[in-house]
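Asker: Contents of my_file_12.pdb (PDB, N, CA, C and O atoms) are given next:
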MODEL        1
ATOM      1  N   LEU A   1     112.145  -6.799 -72.243
ATOM      2  CA  LEU A   1     112.455  -8.207 -72.344
ATOM      3  C   LEU A   1     112.681  -8.818 -70.965
ATOM      4  O   LEU A   1     112.129  -9.852 -70.665
ATOM      5  N   PHE A   2     113.490  -8.140 -70.142
ATOM      6  CA  PHE A   2     113.734  -8.634 -68.789
ATOM      7  C   PHE A   2     113.151  -7.644 -67.796
ATOM      8  O   PHE A   2     113.294  -6.439 -67.955
ATOM      9  N   ALA A   3     112.526  -8.144 -66.763
ATOM     10  CA  ALA A   3     111.972  -7.306 -65.707
ATOM     11  C   ALA A   3     112.966  -7.238 -64.553
ATOM     12  O   ALA A   3     113.717  -8.177 -64.312
ATOM     13  N   THR A   4     112.965  -6.122 -63.861
ATOM     14  CA  THR A   4     113.807  -5.979 -62.687
ATOM     15  C   THR A   4     113.064  -6.526 -61.480
ATOM     16  O   THR A   4     111.907  -6.181 -61.249
ATOM     17  N   LEU A   5     113.706  -7.369 -60.723
ATOM     18  CA  LEU A   5     113.116  -7.947 -59.529
ATOM     19  C   LEU A   5     113.621  -7.165 -58.324
ATOM     20  O   LEU A   5     114.822  -7.090 -58.090
ATOM     21  N   ARG A   6     112.701  -6.551 -57.601
ATOM     22  CA  ARG A   6     113.066  -5.789 -56.407
ATOM     23  C   ARG A   6     112.517  -6.511 -55.187
ATOM     24  O   ARG A   6     111.312  -6.607 -55.020
ATOM     25  N   LEU A   7     113.416  -7.023 -54.371
ATOM     26  CA  LEU A   7     113.011  -7.733 -53.169
ATOM     27  C   LEU A   7     112.803  -6.760 -52.013
ATOM     28  O   LEU A   7     113.384  -5.669 -51.981
ATOM     29  N   ALA A   8     111.984  -7.170 -51.065
ATOM     30  CA  ALA A   8     111.716  -6.363 -49.877
ATOM     31  C   ALA A   8     112.976  -6.262 -49.020
ATOM     32  O   ALA A   8     113.897  -7.064 -49.150
ATOM     33  N   THR A   9     113.004  -5.272 -48.140
ATOM     34  CA  THR A   9     114.105  -5.145 -47.196
ATOM     35  C   THR A   9     113.676  -5.726 -45.857
ATOM     36  O   THR A   9     112.518  -5.642 -45.473
ATOM     37  N   THR A  10     114.611  -6.333 -45.160
ATOM     38  CA  THR A  10     114.350  -6.915 -43.848
ATOM     39  C   THR A  10     115.248  -6.231 -42.840
ATOM     40  O   THR A  10     116.446  -6.082 -43.062
ATOM     41  N   GLU A  11     114.654  -5.801 -41.733
ATOM     42  CA  GLU A  11     115.430  -5.094 -40.701
ATOM     43  C   GLU A  11     114.969  -5.540 -39.319
ATOM     44  O   GLU A  11     113.882  -6.099 -39.156
ATOM     45  N   ASP A  12     115.819  -5.289 -38.330
ATOM     46  CA  ASP A  12     115.474  -5.583 -36.942
ATOM     47  C   ASP A  12     114.360  -4.665 -36.475
ATOM     48  O   ASP A  12     114.265  -3.514 -36.895
ATOM     49  N   PHE A  13     113.533  -5.186 -35.565
ATOM     50  CA  PHE A  13     112.464  -4.411 -34.961
ATOM     51  C   PHE A  13     112.494  -4.686 -33.468
ATOM     52  O   PHE A  13     112.658  -5.830 -33.042
ATOM     53  N   ALA A  14     112.368  -3.630 -32.670
ATOM     54  CA  ALA A  14     112.303  -3.786 -31.216
ATOM     55  C   ALA A  14     111.256  -2.821 -30.674
ATOM     56  O   ALA A  14     111.107  -1.701 -31.173
ATOM     57  N   SER A  15     110.548  -3.284 -29.662
ATOM     58  CA  SER A  15     109.521  -2.466 -29.020
ATOM     59  C   SER A  15     109.429  -2.894 -27.565
ATOM     60  O   SER A  15     109.884  -3.976 -27.200
ATOM     61  N   ARG A  16     108.834  -2.055 -26.734
ATOM     62  CA  ARG A  16     108.627  -2.401 -25.327
ATOM     63  C   ARG A  16     107.149  -2.656 -25.078
ATOM     64  O   ARG A  16     106.298  -1.905 -25.523
ATOM     65  N   SER A  17     106.861  -3.731 -24.360
ATOM     66  CA  SER A  17     105.478  -4.041 -24.002
ATOM     67  C   SER A  17     105.057  -3.151 -22.837
ATOM     68  O   SER A  17     105.867  -2.411 -22.271
ATOM     69  N   ALA A  18     103.786  -3.233 -22.464
ATOM     70  CA  ALA A  18     103.253  -2.397 -21.387
ATOM     71  C   ALA A  18     103.993  -2.618 -20.071
ATOM     72  O   ALA A  18     104.129  -1.690 -19.269
ATOM     73  N   ASP A  19     104.510  -3.834 -19.832
ATOM     74  CA  ASP A  19     105.227  -4.107 -18.579
ATOM     75  C   ASP A  19     106.726  -3.837 -18.692
ATOM     76  O   ASP A  19     107.483  -4.141 -17.782
ATOM     77  N   GLY A  20     107.157  -3.298 -19.837
ATOM     78  CA  GLY A  20     108.561  -2.929 -20.013
ATOM     79  C   GLY A  20     109.430  -3.988 -20.652
ATOM     80  O   GLY A  20     110.624  -3.763 -20.870
ATOM     81  N   THR A  21     108.871  -5.156 -20.966
ATOM     82  CA  THR A  21     109.641  -6.216 -21.611
ATOM     83  C   THR A  21     109.995  -5.807 -23.036
ATOM     84  O   THR A  21     109.139  -5.343 -23.778
ATOM     85  N   GLU A  22     111.267  -5.960 -23.403
ATOM     86  CA  GLU A  22     111.668  -5.647 -24.772
ATOM     87  C   GLU A  22     111.348  -6.833 -25.677
ATOM     88  O   GLU A  22     111.707  -7.967 -25.382
ATOM     89  N   VAL A  23     110.653  -6.559 -26.777
ATOM     90  CA  VAL A  23     110.234  -7.577 -27.725
ATOM     91  C   VAL A  23     110.964  -7.330 -29.044
ATOM     92  O   VAL A  23     110.996  -6.198 -29.530
ATOM     93  N   HIS A  24     111.548  -8.391 -29.627
ATOM     94  CA  HIS A  24     112.305  -8.263 -30.864
ATOM     95  C   HIS A  24     111.620  -9.030 -31.987
ATOM     96  O   HIS A  24     110.940 -10.015 -31.757
ATOM     97  N   GLY A  25     111.837  -8.573 -33.198
ATOM     98  CA  GLY A  25     111.301  -9.258 -34.359
ATOM     99  C   GLY A  25     111.966  -8.748 -35.622
ATOM    100  O   GLY A  25     112.936  -7.988 -35.573
ATOM    101  N   LEU A  26     111.442  -9.178 -36.749
ATOM    102  CA  LEU A  26     111.924  -8.722 -38.055
ATOM    103  C   LEU A  26     110.807  -7.946 -38.732
ATOM    104  O   LEU A  26     109.646  -8.325 -38.663
ATOM    105  N   LEU A  27     111.179  -6.867 -39.367
ATOM    106  CA  LEU A  27     110.237  -6.044 -40.119
ATOM    107  C   LEU A  27     110.630  -6.105 -41.590
ATOM    108  O   LEU A  27     111.760  -5.769 -41.956
ATOM    109  N   VAL A  28     109.704  -6.574 -42.418
ATOM    110  CA  VAL A  28     109.930  -6.654 -43.865
ATOM    111  C   VAL A  28     109.138  -5.518 -44.498
ATOM    112  O   VAL A  28     107.930  -5.401 -44.293
ATOM    113  N   ARG A  29     109.835  -4.649 -45.222
ATOM    114  CA  ARG A  29     109.194  -3.488 -45.842
ATOM    115  C   ARG A  29     109.259  -3.618 -47.356
ATOM    116  O   ARG A  29     110.227  -4.145 -47.894
ATOM    117  N   PRO A  30     108.219  -3.139 -48.042
ATOM    118  CA  PRO A  30     108.231  -3.220 -49.503
ATOM    119  C   PRO A  30     109.465  -2.546 -50.092
ATOM    120  O   PRO A  30     109.980  -1.568 -49.539
ATOM    121  N   ALA A  31     109.929  -3.054 -51.207
ATOM    122  CA  ALA A  31     111.058  -2.437 -51.911
ATOM    123  C   ALA A  31     110.711  -0.986 -52.205
ATOM    124  O   ALA A  31     109.607  -0.680 -52.645
ATOM    125  N   GLY A  32     111.623  -0.093 -51.918
ATOM    126  CA  GLY A  32     111.420   1.320 -52.197
ATOM    127  C   GLY A  32     110.683   2.082 -51.113
ATOM    128  O   GLY A  32     110.524   3.300 -51.213
ATOM    129  N   ALA A  33     110.214   1.408 -50.066
ATOM    130  CA  ALA A  33     109.530   2.103 -48.973
ATOM    131  C   ALA A  33     110.532   2.973 -48.230
ATOM    132  O   ALA A  33     111.664   2.561 -47.977
ATOM    133  N   ARG A  34     110.126   4.171 -47.899
ATOM    134  CA  ARG A  34     111.012   5.108 -47.206
ATOM    135  C   ARG A  34     110.943   4.898 -45.695
ATOM    136  O   ARG A  34     109.889   4.548 -45.161
ATOM    137  N   ALA A  35     112.040   5.130 -45.013
ATOM    138  CA  ALA A  35     112.067   5.036 -43.549
ATOM    139  C   ALA A  35     111.044   6.012 -42.977
ATOM    140  O   ALA A  35     110.940   7.150 -43.426
ATOM    141  N   GLY A  36     110.268   5.568 -42.016
ATOM    142  CA  GLY A  36     109.260   6.415 -41.397
ATOM    143  C   GLY A  36     107.925   6.457 -42.136
ATOM    144  O   GLY A  36     106.965   7.033 -41.633
ATOM    145  N   GLU A  37     107.862   5.885 -43.324
ATOM    146  CA  GLU A  37     106.623   5.873 -44.096
ATOM    147  C   GLU A  37     105.609   4.947 -43.426
ATOM    148  O   GLU A  37     105.932   3.830 -43.043
ATOM    149  N   ARG A  38     104.375   5.435 -43.263
ATOM    150  CA  ARG A  38     103.318   4.622 -42.665
ATOM    151  C   ARG A  38     102.765   3.665 -43.717
ATOM    152  O   ARG A  38     102.396   4.083 -44.809
ATOM    153  N   LEU A  39     102.748   2.385 -43.359
ATOM    154  CA  LEU A  39     102.297   1.349 -44.288
ATOM    155  C   LEU A  39     101.276   0.453 -43.597
ATOM    156  O   LEU A  39     101.362   0.234 -42.384
ATOM    157  N   PRO A  40     100.318  -0.101 -44.346
ATOM    158  CA  PRO A  40      99.474  -1.126 -43.742
ATOM    159  C   PRO A  40     100.378  -2.293 -43.350
ATOM    160  O   PRO A  40     101.327  -2.617 -44.068
ATOM    161  N   THR A  41     100.104  -2.886 -42.198
ATOM    162  CA  THR A  41     101.013  -3.900 -41.654
ATOM    163  C   THR A  41     100.287  -5.198 -41.363
ATOM    164  O   THR A  41      99.181  -5.198 -40.854
ATOM    165  N   VAL A  42     100.946  -6.294 -41.709
ATOM    166  CA  VAL A  42     100.443  -7.641 -41.426
ATOM    167  C   VAL A  42     101.338  -8.248 -40.354
ATOM    168  O   VAL A  42     102.565  -8.221 -40.473
ATOM    169  N   LEU A  43     100.732  -8.790 -39.292
ATOM    170  CA  LEU A  43     101.500  -9.517 -38.285
ATOM    171  C   LEU A  43     101.651 -10.960 -38.750
ATOM    172  O   LEU A  43     100.667 -11.653 -38.964
ATOM    173  N   HIS A  44     102.877 -11.396 -38.929
ATOM    174  CA  HIS A  44     103.173 -12.770 -39.367
ATOM    175  C   HIS A  44     103.466 -13.572 -38.099
ATOM    176  O   HIS A  44     104.604 -13.673 -37.654
ATOM    177  N   VAL A  45     102.418 -14.106 -37.502
ATOM    178  CA  VAL A  45     102.533 -14.823 -36.228
ATOM    179  C   VAL A  45     102.920 -16.269 -36.503
ATOM    180  O   VAL A  45     102.367 -16.908 -37.398
ATOM    181  N   HIS A  46     103.854 -16.775 -35.720
ATOM    182  CA  HIS A  46     104.323 -18.148 -35.903
ATOM    183  C   HIS A  46     104.715 -18.713 -34.550
ATOM    184  O   HIS A  46     104.836 -17.990 -33.572
ATOM    185  N   GLY A  47     104.928 -20.000 -34.507
ATOM    186  CA  GLY A  47     105.332 -20.647 -33.266
ATOM    187  C   GLY A  47     106.803 -20.425 -32.968
ATOM    188  O   GLY A  47     107.607 -20.173 -33.853
ATOM    189  N   GLY A  48     107.150 -20.498 -31.749
ATOM    190  CA  GLY A  48     108.541 -20.338 -31.364
ATOM    191  C   GLY A  48     108.777 -21.080 -30.062
ATOM    192  O   GLY A  48     107.833 -21.509 -29.419
ATOM    193  N   PRO A  49     109.985 -21.253 -29.650
ATOM    194  CA  PRO A  49     111.176 -20.717 -30.291
ATOM    195  C   PRO A  49     111.679 -21.554 -31.467
ATOM    196  O   PRO A  49     112.626 -21.167 -32.144
ATOM    197  N   ASN A  50     111.062 -22.681 -31.737
ATOM    198  CA  ASN A  50     111.557 -23.554 -32.805
ATOM    199  C   ASN A  50     111.348 -22.992 -34.196
ATOM    200  O   ASN A  50     112.008 -23.388 -35.138
ATOM    201  N   ALA A  51     110.410 -22.089 -34.380
ATOM    202  CA  ALA A  51     110.105 -21.545 -35.709
ATOM    203  C   ALA A  51     110.484 -20.070 -35.787
ATOM    204  O   ALA A  51     109.742 -19.245 -36.279
ATOM    205  N   GLN A  52     111.642 -19.736 -35.288
ATOM    206  CA  GLN A  52     112.070 -18.347 -35.307
ATOM    207  C   GLN A  52     112.324 -17.891 -36.735
ATOM    208  O   GLN A  52     112.705 -18.670 -37.600
ATOM    209  N   ASP A  53     112.107 -16.584 -36.964
ATOM    210  CA  ASP A  53     112.390 -16.007 -38.276
ATOM    211  C   ASP A  53     113.889 -15.874 -38.481
ATOM    212  O   ASP A  53     114.665 -15.909 -37.536
ATOM    213  N   ALA A  54     114.273 -15.712 -39.730
ATOM    214  CA  ALA A  54     115.677 -15.546 -40.071
ATOM    215  C   ALA A  54     115.797 -14.551 -41.221
ATOM    216  O   ALA A  54     114.814 -14.246 -41.885
ATOM    217  N   TYR A  55     116.984 -14.052 -41.421
ATOM    218  CA  TYR A  55     117.243 -13.181 -42.570
ATOM    219  C   TYR A  55     117.403 -14.069 -43.793
ATOM    220  O   TYR A  55     118.501 -14.309 -44.268
ATOM    221  N   ALA A  56     116.296 -14.588 -44.275
ATOM    222  CA  ALA A  56     116.306 -15.497 -45.411
ATOM    223  C   ALA A  56     115.099 -15.190 -46.293
ATOM    224  O   ALA A  56     114.131 -14.575 -45.840
ATOM    225  N   TYR A  57     115.167 -15.627 -47.528
ATOM    226  CA  TYR A  57     114.056 -15.430 -48.451
ATOM    227  C   TYR A  57     112.809 -16.132 -47.922
ATOM    228  O   TYR A  57     112.857 -17.269 -47.466
ATOM    229  N   SER A  58     111.668 -15.450 -47.985
ATOM    230  CA  SER A  58     110.389 -16.019 -47.571
ATOM    231  C   SER A  58     109.344 -15.588 -48.598
ATOM    232  O   SER A  58     109.026 -14.404 -48.704
ATOM    233  N   ALA A  59     108.835 -16.547 -49.358
ATOM    234  CA  ALA A  59     107.902 -16.225 -50.440
ATOM    235  C   ALA A  59     106.643 -15.534 -49.928
ATOM    236  O   ALA A  59     106.170 -14.575 -50.552
ATOM    237  N   ASP A  60     106.104 -15.972 -48.785
ATOM    238  CA  ASP A  60     104.877 -15.344 -48.295
ATOM    239  C   ASP A  60     105.117 -13.905 -47.861
ATOM    240  O   ASP A  60     104.318 -13.018 -48.144
ATOM    241  N   ARG A  61     106.233 -13.621 -47.205
ATOM    242  CA  ARG A  61     106.537 -12.230 -46.811
ATOM    243  C   ARG A  61     106.822 -11.369 -48.036
ATOM    244  O   ARG A  61     106.408 -10.207 -48.096
ATOM    245  N   GLU A  62     107.520 -11.913 -49.018
ATOM    246  CA  GLU A  62     107.798 -11.156 -50.249
ATOM    247  C   GLU A  62     106.511 -10.819 -50.993
ATOM    248  O   GLU A  62     106.341  -9.714 -51.502
ATOM    249  N   LEU A  63     105.579 -11.771 -51.050
ATOM    250  CA  LEU A  63     104.312 -11.537 -51.731
ATOM    251  C   LEU A  63     103.514 -10.433 -51.042
ATOM    252  O   LEU A  63     102.969  -9.541 -51.702
ATOM    253  N   LEU A  64     103.455 -10.474 -49.720
ATOM    254  CA  LEU A  64     102.756  -9.421 -48.979
ATOM    255  C   LEU A  64     103.436  -8.061 -49.173
ATOM    256  O   LEU A  64     102.768  -7.047 -49.388
ATOM    257  N   ALA A  65     104.764  -8.030 -49.104
ATOM    258  CA  ALA A  65     105.486  -6.778 -49.292
ATOM    259  C   ALA A  65     105.309  -6.236 -50.702
ATOM    260  O   ALA A  65     105.147  -5.032 -50.902
ATOM    261  N   ALA A  66     105.300  -7.120 -51.703
ATOM    262  CA  ALA A  66     105.102  -6.686 -53.085
ATOM    263  C   ALA A  66     103.704  -6.104 -53.291
ATOM    264  O   ALA A  66     103.482  -5.324 -54.209
ATOM    265  N   SER A  67     102.769  -6.461 -52.390
ATOM    266  CA  SER A  67     101.405  -5.920 -52.446
ATOM    267  C   SER A  67     101.267  -4.632 -51.650
ATOM    268  O   SER A  67     100.170  -4.112 -51.504
ATOM    269  N   GLY A  68     102.391  -4.144 -51.096
ATOM    270  CA  GLY A  68     102.389  -2.865 -50.403
ATOM    271  C   GLY A  68     102.297  -2.932 -48.891
ATOM    272  O   GLY A  68     102.174  -1.907 -48.230
ATOM    273  N   TYR A  69     102.374  -4.138 -48.325
ATOM    274  CA  TYR A  69     102.278  -4.298 -46.885
ATOM    275  C   TYR A  69     103.653  -4.407 -46.227
ATOM    276  O   TYR A  69     104.561  -5.016 -46.796
ATOM    277  N   ALA A  70     103.763  -3.847 -45.032
ATOM    278  CA  ALA A  70     104.905  -4.167 -44.169
ATOM    279  C   ALA A  70     104.522  -5.448 -43.444
ATOM    280  O   ALA A  70     103.350  -5.682 -43.160
ATOM    281  N   VAL A  71     105.501  -6.303 -43.176
ATOM    282  CA  VAL A  71     105.236  -7.574 -42.502
ATOM    283  C   VAL A  71     106.081  -7.614 -41.240
ATOM    284  O   VAL A  71     107.297  -7.480 -41.292
ATOM    285  N   LEU A  72     105.418  -7.770 -40.108
ATOM    286  CA  LEU A  72     106.107  -7.780 -38.813
ATOM    287  C   LEU A  72     105.959  -9.149 -38.193
ATOM    288  O   LEU A  72     104.884  -9.701 -38.118
TER     289      LEU A  72
ENDMDL
END
Write out the structure in this file as structure tokens.

Answerer:
Amino acid sequence: LFATLRLATTEDFASRSADGTEVHGLLVRPAGARAGERLPTVLHVHGGPNAQDAYAYSADRELLAASGYAVL
């Protein structure tokens, strides 16, 4: 009668560029994805700094994650 809704998890992401600059972002992983699991990944590119991501619900990221993609 009722379906369980499982939302994706959102976590901090940090990496170093070739010149050593630290780059930060958010990584959205499908619900139930295990740490270290390799997943197909979509880069969610947007303008900044005015359009920075936040720890908030995002329908497009949830849809991609529900389809099995990590969203960076």

Asker: Could you write out as a VMD selection string the residues that the PyMOL selection byres ((chain A and resi 29) around 8) matches in the shown file?

Answerer: chain A and resid 6 to 11 26 to 28 30 to 34 61 to 62 64 to 66 68 to 72

Asker: Taking the chain letters and numbering used in this document, name the residues of region 4-72 of chain A that DSSP puts in helix (DSSP H, G or I), as a short mmCIF file (atom, residue, chain, number, x, y, z; two decimals) with N, CA, C and O atoms, in the frame of the given file.

Answerer:
data_model
loop_
_atom_site.label_atom_id
_atom_site.label_comp_id
_atom_site.auth_asym_id
_atom_site.auth_seq_id
_atom_site.Cartn_x
_atom_site.Cartn_y
_atom_site.Cartn_z
N ALA A 59 108.84 -16.55 -49.36
CA ALA A 59 107.90 -16.23 -50.44
C ALA A 59 106.64 -15.53 -49.93
O ALA A 59 106.17 -14.58 -50.55
N ASP A 60 106.10 -15.97 -48.78
CA ASP A 60 104.88 -15.34 -48.30
C ASP A 60 105.12 -13.90 -47.86
O ASP A 60 104.32 -13.02 -48.14
N ARG A 61 106.23 -13.62 -47.20
CA ARG A 61 106.54 -12.23 -46.81
C ARG A 61 106.82 -11.37 -48.04
O ARG A 61 106.41 -10.21 -48.10
N GLU A 62 107.52 -11.91 -49.02
CA GLU A 62 107.80 -11.16 -50.25
C GLU A 62 106.51 -10.82 -50.99
O GLU A 62 106.34 -9.71 -51.50
N LEU A 63 105.58 -11.77 -51.05
CA LEU A 63 104.31 -11.54 -51.73
C LEU A 63 103.51 -10.43 -51.04
O LEU A 63 102.97 -9.54 -51.70
N LEU A 64 103.46 -10.47 -49.72
CA LEU A 64 102.76 -9.42 -48.98
C LEU A 64 103.44 -8.06 -49.17
O LEU A 64 102.77 -7.05 -49.39
N ALA A 65 104.76 -8.03 -49.10
CA ALA A 65 105.49 -6.78 -49.29
C ALA A 65 105.31 -6.24 -50.70
O ALA A 65 105.15 -5.03 -50.90
N ALA A 66 105.30 -7.12 -51.70
CA ALA A 66 105.10 -6.69 -53.08
C ALA A 66 103.70 -6.10 -53.29
O ALA A 66 103.48 -5.32 -54.21
#

Asker: Identify, with DSSP run on backbone atoms, the residues in chain A assigned to strand (DSSP E or B), and express the list as a list in words.

Answerer: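 Result set for chain A (strand (DSSP E or B)): Thr9, Thr10, Glu11, Asp12, Phe13, Ala14, Ser15, Arg16, Glu22, Val23, His24, Gly25, Leu26, Leu27, Val28, Arg29, Thr41, Val42, Ala70 and Val71 of chain A.
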
Asker: Could you check how far atom N of Tyr55 (chain A) sits from atom N of Val23 (chain A), in Å to one decimal?

Answerer: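 If I compute the distance from atom N of Tyr55 (chain A) to atom N of Val23 (chain A), I get 17.6 Å.
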
Asker: Please indicate the distance in Å from CA of His24 (chain A) to CA of Ala54 (chain A), rounded to one decimal place.

Answerer: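 One can read the CA of His24 (chain A) to CA of Ala54 (chain A) distance as 12.2 Å.
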
Asker: Would you compute the distance between CA of Ser17 (chain A) and atom N of Leu43 (chain A)? Give it in Å to one decimal.

Answerer: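 Separating CA of Ser17 (chain A) from atom N of Leu43 (chain A) is a distance of 16.7 Å.
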